[in-house]
Every structure is written in C-alpha cells, then in structure tokens.
Amino acid sequence: MSATTVEIRLDEASSAARWARARVRWRERLLDLAAVVLGPWSTRSGRNRWKDGAPIVTYHRIVADPDPTTDPFAVREAAFEAQVAWLAQHFSLITVAELAARIRKRKPLGGTAVISFDDGYDCTYRRALPILRALKAPVTLFVATGGLDRADGGLGSAQLAELAAAGVEIGSHGVTHRDLRTLTDAELEAELKRSRERLEESAGVAVAGLAYPYGRFDDRVIRAARACGYDHACSCRQHRPNEATTALFCLNRLELNLGDSRRRFLGKVGGRYARVYEAWYRLNPATRAWLEA
Ligand SMILES: [Zn+2]
C-alpha cells in the first residue's frame, strides 16, 4: 500500500469519525430541545404521575472513558457513581422483584426506585459492584447467558456467583439477545428456559425476573414467559414510571446513557422526558403498541 493510499484511508476514517461525532451531538441536542418543549406541557396536563410511581433505571456498561460514537450505551464511571449516590439519597432503593411484589400487593410505590443492569458485562462486577456496595444500594442484573465467560468483556460464571452471593438480584435477558418476537415458539421457549437454567446453575439462586432483549415483547412473548415460570418482566418503555396498575410483564424502565448530563439525568428521573418518549413511540410503528400495553 502506498503512502498516498494510507493518507486517503486515514483521511476517510477521520472524516467518518467527525461525522459520527456530529450526529451524536445533534441527536443529543434534539433530545434536550424536545424535552424543553414537551416537558412542561406534561406537567400542566396533570398526567405527570412520576412522584407517585417508581422508576427503574437501566445501565449497560460502566467505562472509565467511553467513546460517544462507539459506546453510546456506556456510562462514565464517575457519572454512574454520582447518579447512584443521588438515587440512594432521594429514593428508597429496592430490587425489581421487590417492586413486582409491591405492585402485586397494591402497596404504594412513591419514593421507591430500582437500579438495574442489562446484558452482563464484566464491568458490572469490576466497576459497578464496589460503588453499589459502598452505598449499600440493591441492584438487579439481567444477564444474556450466551455472553457468559466470553473473552471480550462478558461476565465470568465465577463473577456471576460472587455477585449473587453479594445480594445482587439475578434475572434473565435471554441466551442470544435476539428480539423474542421474531422467534419460533420452540426458539422462544429455549431462550427463556435455557437462560434461566444456566443462571440458576451458575449463580446458585432462583431466577424469577426477565428483561426482554431490546425491551421488545408482544402478547405471545408474555404468554411464553409466564408458561416458563417467570414472575415478572421488564420492557424499555420510558414514558411512565411503574405504578400500582402497571402490568407485571410490562414493567417500565428508564435507560441511562453516555449522553445524559446531570441535568438530563435529573430530568429523566423526574419524568420531564416522558412526553418526548411518548411522542417517539407514537411516531415509531415498532413501539406504538407500547403506549397501550
Ligand atoms: Zn440488552
């Protein structure tokens, strides 16, 4: 390869990265702008029930210095520490199973919140657990068992057992992290059963909760999850907190990502982004049914 070819390739790579960064910047600005426009309106309309409900926040990866173009679902370790400290100070923190039990018993949810993790990366063990332990904050971890013991950052079976022994609630996130709606009945059953068996075997605890990969589900997926013995399941619907009337197989969760400044984090947890997500679900045919579910 000649020097000119290398230069052109490097040039293309850096301009692609510049574009990717610009796209991320604009997406983040639009999200905040939409919240400025729609946020106050949701409070005025009296439909803001966040104070009486319980938010479940969701993290994926905790990284020291993530790249916004390749790692949008990671959260900086320092931001994570500040966010969970704020949550521990302002809410009574419980696990997803405890929240489900409260809903079943029609107990009030106001003032409670849940911290959850998806996928099962080893940073949950290395970075998040020490912070959560220091705060004595409970946490629920949903693991896609196909990623267990994988060399590229997957949680190890021994780490999973240690997390469970430390009191971390373990739930299933399927085996292969596929959209459960797209699977045949047999594949769906295998995802739900095998992931649960593997987790119970590796972690030595009973597994009662499920988080749908990508938050996607339909009636058939719910029926299958019930038939496989799950007690409750989490979506990624972000337009409502959990309330006494929330269906146990459609629990709502707020995703916290790299682009969330402290102001946006407080806005999300306070329900000021609810209308933004509601508008998005209405526009997107894949998520429109989430508004009624
Ligand atoms: Zn996931």
# chains A, B, ... in the order shown; residues from 1 in each chain; ligands from 1
>>> residues_near_ligand(ligand="ligand 1", cutoff="6 Å", atoms="only C-alpha atoms and all ligand atoms", output="ChimeraX atom specification")
/A:118-119,213-214
>>> select_by_dssp(residues="segment 51-243 of chain A", states="strand (DSSP E or B)", output="number ranges by chain")
A: 54, 56-59, 61-63, 74-76, 92-94, 112-119, 121, 140-143, 154, 169-172, 209-211, 232-234, 242
>>> write_last_selection(atoms="C-alpha atoms", output="PDB file, in the first residue's frame")
ATOM      1  CA  ALA A  54     -41.312   4.070  40.944  1.00  0.00           C
ATOM      2  CA  ILE A  56     -36.412   1.560  37.297  1.00  0.00           C
ATOM      3  CA  VAL A  57     -33.184   2.898  35.809  1.00  0.00           C
ATOM      4  CA  THR A  58     -31.155   0.737  33.428  1.00  0.00           C
ATOM      5  CA  TYR A  59     -27.431   0.718  32.769  1.00  0.00           C
ATOM      6  CA  ARG A  61     -21.717  -0.782  30.653  1.00  0.00           C
ATOM      7  CA  ILE A  62     -19.688   1.332  33.061  1.00  0.00           C
ATOM      8  CA  VAL A  63     -16.456   2.524  31.469  1.00  0.00           C
ATOM      9  CA  ALA A  74     -21.895   3.052  28.247  1.00  0.00           C
ATOM     10  CA  VAL A  75     -21.839   5.445  31.197  1.00  0.00           C
ATOM     11  CA  ARG A  76     -18.704   7.059  32.628  1.00  0.00           C
ATOM     12  CA  SER A  92     -35.692   4.069  48.957  1.00  0.00           C
ATOM     13  CA  LEU A  93     -33.930   1.625  46.619  1.00  0.00           C
ATOM     14  CA  ILE A  94     -35.387  -1.840  46.094  1.00  0.00           C
ATOM     15  CA  THR A 112     -39.039   3.897  45.716  1.00  0.00           C
ATOM     16  CA  ALA A 113     -36.703   3.321  42.751  1.00  0.00           C
ATOM     17  CA  VAL A 114     -34.726   0.443  41.271  1.00  0.00           C
ATOM     18  CA  ILE A 115     -31.244   0.243  39.722  1.00  0.00           C
ATOM     19  CA  SER A 116     -30.902  -2.418  37.028  1.00  0.00           C
ATOM     20  CA  PHE A 117     -28.183  -3.611  34.661  1.00  0.00           C
ATOM     21  CA  ASP A 118     -28.634  -5.376  31.338  1.00  0.00           C
ATOM     22  CA  ASP A 119     -26.567  -7.816  29.287  1.00  0.00           C
ATOM     23  CA  TYR A 121     -20.574  -7.268  31.173  1.00  0.00           C
ATOM     24  CA  THR A 140     -30.932  -6.237  39.715  1.00  0.00           C
ATOM     25  CA  LEU A 141     -28.786  -7.684  36.931  1.00  0.00           C
ATOM     26  CA  PHE A 142     -30.310  -9.181  33.761  1.00  0.00           C
ATOM     27  CA  VAL A 143     -27.847 -11.470  32.009  1.00  0.00           C
ATOM     28  CA  GLY A 154     -18.506 -10.874  29.243  1.00  0.00           C
ATOM     29  CA  GLU A 169     -30.663  -9.980  42.207  1.00  0.00           C
ATOM     30  CA  ILE A 170     -30.163 -12.037  39.035  1.00  0.00           C
ATOM     31  CA  GLY A 171     -32.655 -12.086  36.157  1.00  0.00           C
ATOM     32  CA  SER A 172     -32.656 -13.430  32.608  1.00  0.00           C
ATOM     33  CA  GLY A 209     -37.412 -11.954  36.510  1.00  0.00           C
ATOM     34  CA  LEU A 210     -36.844 -11.350  32.826  1.00  0.00           C
ATOM     35  CA  ALA A 211     -35.798  -8.292  30.815  1.00  0.00           C
ATOM     36  CA  HIS A 232     -42.425 -10.525  36.040  1.00  0.00           C
ATOM     37  CA  ALA A 233     -40.631  -8.914  33.089  1.00  0.00           C
ATOM     38  CA  CYS A 234     -39.118  -5.546  32.178  1.00  0.00           C
ATOM     39  CA  ASN A 242     -44.179   1.974  37.475  1.00  0.00           C
TER      40      ASN A 242
END
>>> closest_residue(among="A:Ile131, A:Ala286, A:Val276, A:Ala22", to="Ala34 of chain A", atoms="only C-alpha atoms")
A:Val276
>>> closest_residue(among="A:Asp185, A:Glu197, A:Glu243, A:Asp179", to="Tyr212 of chain A", atoms="only C-alpha atoms")
A:Asp179
>>> closest_residue(among="A:Leu266, A:Arg282, A:Ala208, A:Gly259", to="Leu30 of chain A", atoms="only C-alpha atoms")
A:Gly259
